[in-house]
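Scroll down for the structure; my scribbles are underneath it.
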Amino acid sequence: MKQVFKRPDCLVDIPFHFCPGCHHGIIHRVVAEVLDEFNLREKAIIAASVGCSVFMYDYFDMDVIEAPHGRAAAVATGVKRARPDNFVFTYQGDGDLAAIGTAEIIHAANRSEKVTVFFVNNTIYGMTGGQMAPTTMIGQLSTTTPRGRDPQEAGHPIHMAELLATLAGTAYSARVAVNNVKNLMKAKKATKQAVRAQLDKKGLGFVEYLSTCPTNWKMTPEKANRRIAEELIPIFPLGVFKEEQAPAEAGVG
């Protein structure tokens with residue numbers, strides 16, 4: 001019988017530990033499949049962040065450097081400058097990248113660092129107990145906003161894909177979701193384009209993945225998945241916000 005589906009070579013053959021209904025495992029697979037397609041396992045280096053995304057070293061069969069909280073983009077910058085022939089990427093949550101790591105990601109993009117950033121936005125702090133994140137929606141409940149996020153007190157959710165698209169050094173910026181098959185296919189396409197941005201030496205590639213957090217949203221996995229379409233996507237619209245063309249002399253790999 002012909003095998004049509006298998007574990008990506010870039011992933012270790014162990015079960016994911018993530019909560020039931022969490023999209024981290026799906027996003028891991030999307031990233032791993034793309035890295036496989038570009039044959040990058042032996043030359044890739046991950047700058048892992050802090051939070052639920054920290055476990056890259058357990059799941060990805062490649063070199064991983066653990067970055068301090070929020071500093072993954074800065075660590076990736078140093079690695080890429082020291083080893084320009086390697087493929088360097090980060091995998092970060094919204095609490096890590098959009099809060100304590102805001103300066104690092106903005107300046108890395110503004111400098112056009114040749115790295116790729118995968119950003120998982122579940123609109124809440126996951127590992128630390130469900131506090132309000134920079135991406136928490138207006139009215140959304142969290143442990144620090146028990147009556148819902150009030151913009152008069154806590155401001156508005158940050159739209160990172162649009163924000164980074166305004167910077168000259170960003171080569172590619174998109175927001176995707178993995179809540180259904182159609183969006184999953186679009187997410188894989190965007191992931192490929194963000195990888196190409198680095199391989200073609202165009203600048204920083206960025207993909208924001210809308211993701212569930214059933215545990216801290218206090219929802220069943222099914223309801224959390226529906227929430228992506230019903231609540232998150234209207235606030236965080238999907239699409240490509242910037243895409244630079246490759247220089248004529250640049251190659252794909």
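To be explicit about the labels: the chains of the structure tokens are called A, B, and onward in the order shown, and within each one the residues are counted from 1, while ligands get numbers from 1 in the order they are shown.
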Determine which residues of region 50-112 of chain A DSSP labels as alpha helix (DSSP H) from the backbone of this structure, then write them out as a list in words.
Met56, Tyr57, Asp58, Tyr59, Ala72, Ala73, Ala74, Val75, Ala76, Thr77, Gly78, Val79, Lys80, Arg81, Ala82, Asp94, Gly95, Thr102, Ala103, Glu104, Ile105, Ile106, His107, Ala108, Ala109 and Asn110 of chain A
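When the distance limit is 12 Å and only C-alpha atoms are what count, the residues near Glu231 (chain A), minus those fewer than 2 positions from it on the same chain, are Asn122, Thr123, Thr136, Met137, Ile138, Gly139, Gln140, Leu210, Ser211, Thr212, Lys223, Ala224, Asn225, Arg226, Arg227, Ile228, Ala229, Ile233, Pro234, Ile235, Phe236 and Pro237 of chain A.
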Once you have the residues from the selection above, write them out as a JSON list (two decimals), in the first residue's frame, restricted to N, CA and C atoms.
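Saved as out.json:
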```json
[["chain", "number", "residue", "atom", "x", "y", "z"],
["A", 122, "ASN", "N", -2.56, 33.24, 20.44],
["A", 122, "ASN", "CA", -3.79, 32.68, 21.01],
["A", 122, "ASN", "C", -4.46, 33.67, 21.94],
["A", 123, "THR", "N", -4.07, 34.92, 21.88],
["A", 123, "THR", "CA", -4.69, 36.07, 22.57],
["A", 123, "THR", "C", -4.66, 35.98, 24.08],
["A", 136, "THR", "N", -4.83, 40.19, 23.57],
["A", 136, "THR", "CA", -6.14, 39.89, 24.14],
["A", 136, "THR", "C", -7.20, 40.84, 23.56],
["A", 137, "MET", "N", -8.33, 40.29, 23.16],
["A", 137, "MET", "CA", -9.37, 41.08, 22.51],
["A", 137, "MET", "C", -10.17, 41.91, 23.51],
["A", 138, "ILE", "N", -10.77, 42.99, 23.00],
["A", 138, "ILE", "CA", -11.63, 43.82, 23.85],
["A", 138, "ILE", "C", -12.77, 42.97, 24.39],
["A", 139, "GLY", "N", -12.97, 43.02, 25.70],
["A", 139, "GLY", "CA", -14.02, 42.25, 26.33],
["A", 139, "GLY", "C", -13.65, 40.83, 26.68],
["A", 140, "GLN", "N", -12.47, 40.37, 26.23],
["A", 140, "GLN", "CA", -12.06, 38.98, 26.50],
["A", 140, "GLN", "C", -11.71, 38.80, 27.97],
["A", 210, "LEU", "N", -3.07, 32.33, 14.04],
["A", 210, "LEU", "CA", -4.11, 32.39, 15.05],
["A", 210, "LEU", "C", -4.31, 30.99, 15.61],
["A", 211, "SER", "N", -4.31, 30.89, 16.94],
["A", 211, "SER", "CA", -4.29, 29.57, 17.58],
["A", 211, "SER", "C", -5.25, 29.53, 18.76],
["A", 212, "THR", "N", -5.68, 28.34, 19.09],
["A", 212, "THR", "CA", -6.56, 28.16, 20.24],
["A", 212, "THR", "C", -5.77, 28.00, 21.54],
["A", 223, "LYS", "N", -15.32, 24.04, 20.76],
["A", 223, "LYS", "CA", -15.77, 25.42, 20.87],
["A", 223, "LYS", "C", -14.61, 26.40, 20.64],
["A", 224, "ALA", "N", -13.42, 26.04, 21.15],
["A", 224, "ALA", "CA", -12.25, 26.89, 20.95],
["A", 224, "ALA", "C", -11.90, 27.00, 19.46],
["A", 225, "ASN", "N", -12.02, 25.90, 18.75],
["A", 225, "ASN", "CA", -11.74, 25.93, 17.32],
["A", 225, "ASN", "C", -12.74, 26.82, 16.58],
["A", 226, "ARG", "N", -14.01, 26.76, 16.97],
["A", 226, "ARG", "CA", -15.03, 27.62, 16.36],
["A", 226, "ARG", "C", -14.75, 29.09, 16.67],
["A", 227, "ARG", "N", -14.19, 29.34, 17.84],
["A", 227, "ARG", "CA", -13.94, 30.73, 18.23],
["A", 227, "ARG", "C", -12.96, 31.42, 17.29],
["A", 228, "ILE", "N", -12.04, 30.65, 16.71],
["A", 228, "ILE", "CA", -11.10, 31.24, 15.75],
["A", 228, "ILE", "C", -11.87, 31.95, 14.64],
["A", 229, "ALA", "N", -12.83, 31.25, 14.04],
["A", 229, "ALA", "CA", -13.60, 31.81, 12.93],
["A", 229, "ALA", "C", -14.58, 32.88, 13.39],
["A", 233, "ILE", "N", -10.79, 35.84, 13.89],
["A", 233, "ILE", "CA", -10.55, 36.30, 12.52],
["A", 233, "ILE", "C", -11.21, 37.66, 12.23],
["A", 234, "PRO", "N", -12.42, 37.94, 12.75],
["A", 234, "PRO", "CA", -12.97, 39.29, 12.54],
["A", 234, "PRO", "C", -12.11, 40.40, 13.15],
["A", 235, "ILE", "N", -11.40, 40.09, 14.23],
["A", 235, "ILE", "CA", -10.53, 41.09, 14.87],
["A", 235, "ILE", "C", -9.14, 41.08, 14.24],
["A", 236, "PHE", "N", -8.64, 39.90, 13.92],
["A", 236, "PHE", "CA", -7.32, 39.75, 13.32],
["A", 236, "PHE", "C", -7.49, 39.15, 11.92],
["A", 237, "PRO", "N", -7.77, 39.97, 10.93],
["A", 237, "PRO", "CA", -8.07, 39.44, 9.59],
["A", 237, "PRO", "C", -6.89, 38.70, 8.98]]
```
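The residues of region 146-208 of chain A that DSSP assigns to strand (DSSP E or B) on this backbone come out as A:Arg149, A:Thr170, A:Ala171, A:Tyr172, A:Ser173, A:Ala174, A:Arg175, A:Val176, A:Ala177, A:Leu204, A:Gly205, A:Phe206, A:Val207, A:Glu208.
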Resulting file, chosen residues, N, CA and C atoms, as a compact mmCIF listing (two decimals), in the first residue's frame:
```txt
# COMPACT_ATOMS: atom_id res chain seq x y z
N ARG A 149 -11.35 42.67 28.85
CA ARG A 149 -10.38 43.72 28.59
C ARG A 149 -11.08 45.05 28.29
N THR A 170 11.09 44.48 6.66
CA THR A 170 10.27 43.27 6.62
C THR A 170 10.05 42.87 5.17
N ALA A 171 10.44 41.64 4.82
CA ALA A 171 10.27 41.17 3.45
C ALA A 171 8.92 40.49 3.25
N TYR A 172 8.42 39.85 4.30
CA TYR A 172 7.16 39.13 4.18
C TYR A 172 6.45 39.15 5.52
N SER A 173 5.15 39.47 5.50
CA SER A 173 4.36 39.46 6.73
C SER A 173 2.95 38.99 6.39
N ALA A 174 2.49 37.98 7.11
CA ALA A 174 1.16 37.43 6.84
C ALA A 174 0.54 36.93 8.13
N ARG A 175 -0.80 36.85 8.12
CA ARG A 175 -1.53 36.23 9.23
C ARG A 175 -2.38 35.10 8.67
N VAL A 176 -2.32 33.95 9.36
CA VAL A 176 -3.03 32.75 8.90
C VAL A 176 -3.72 32.11 10.09
N ALA A 177 -4.49 31.06 9.80
CA ALA A 177 -5.13 30.26 10.84
C ALA A 177 -5.07 28.80 10.42
N LEU A 204 13.50 39.98 6.68
CA LEU A 204 12.83 39.20 7.71
C LEU A 204 11.49 38.68 7.19
N GLY A 205 11.23 37.38 7.40
CA GLY A 205 9.95 36.78 7.07
C GLY A 205 9.15 36.51 8.34
N PHE A 206 7.86 36.83 8.32
CA PHE A 206 7.03 36.77 9.53
C PHE A 206 5.68 36.15 9.21
N VAL A 207 5.29 35.15 9.98
CA VAL A 207 3.95 34.57 9.87
C VAL A 207 3.31 34.54 11.24
N GLU A 208 2.11 35.09 11.34
CA GLU A 208 1.31 35.05 12.57
C GLU A 208 0.24 33.98 12.39
```
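Proximity to His28 (chain A) was assessed for A:Phe241, A:Phe5, A:Tyr209, A:Tyr125 counting only C-alpha atoms; the smallest distance is recorded for A:Tyr209.
In this comparison, which uses only C-alpha atoms, the residue of A:Val50, A:Leu11, A:Val181, A:Cys19 approaching Met219 (chain A) most closely is A:Cys19.
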Hey, could you make a per-residue contact list for region 53-76 of chain A against region 30-38 of chain A with 12 Å as the cut-off, showing the nearest pair of atoms and its distance in Å to one decimal, counting only C-alpha atoms, sorted by chain and number, as JSON lines?
```
{"residue": "A:Met56", "atom": "CA", "partner": "A:Ala32", "partner_atom": "CA", "distance": 11.1}
{"residue": "A:Tyr59", "atom": "CA", "partner": "A:Ala32", "partner_atom": "CA", "distance": 9.8}
{"residue": "A:Phe60", "atom": "CA", "partner": "A:Ala32", "partner_atom": "CA", "distance": 7.8}
{"residue": "A:Asp61", "atom": "CA", "partner": "A:Ala32", "partner_atom": "CA", "distance": 9.5}
{"residue": "A:Met62", "atom": "CA", "partner": "A:Ala32", "partner_atom": "CA", "distance": 10.6}
```
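Counting only C-alpha atoms and comparing A:Thr116, A:Gln152, A:Thr102, A:Gln92, the residue that lies closest to Ile45 (chain A) is A:Thr116.
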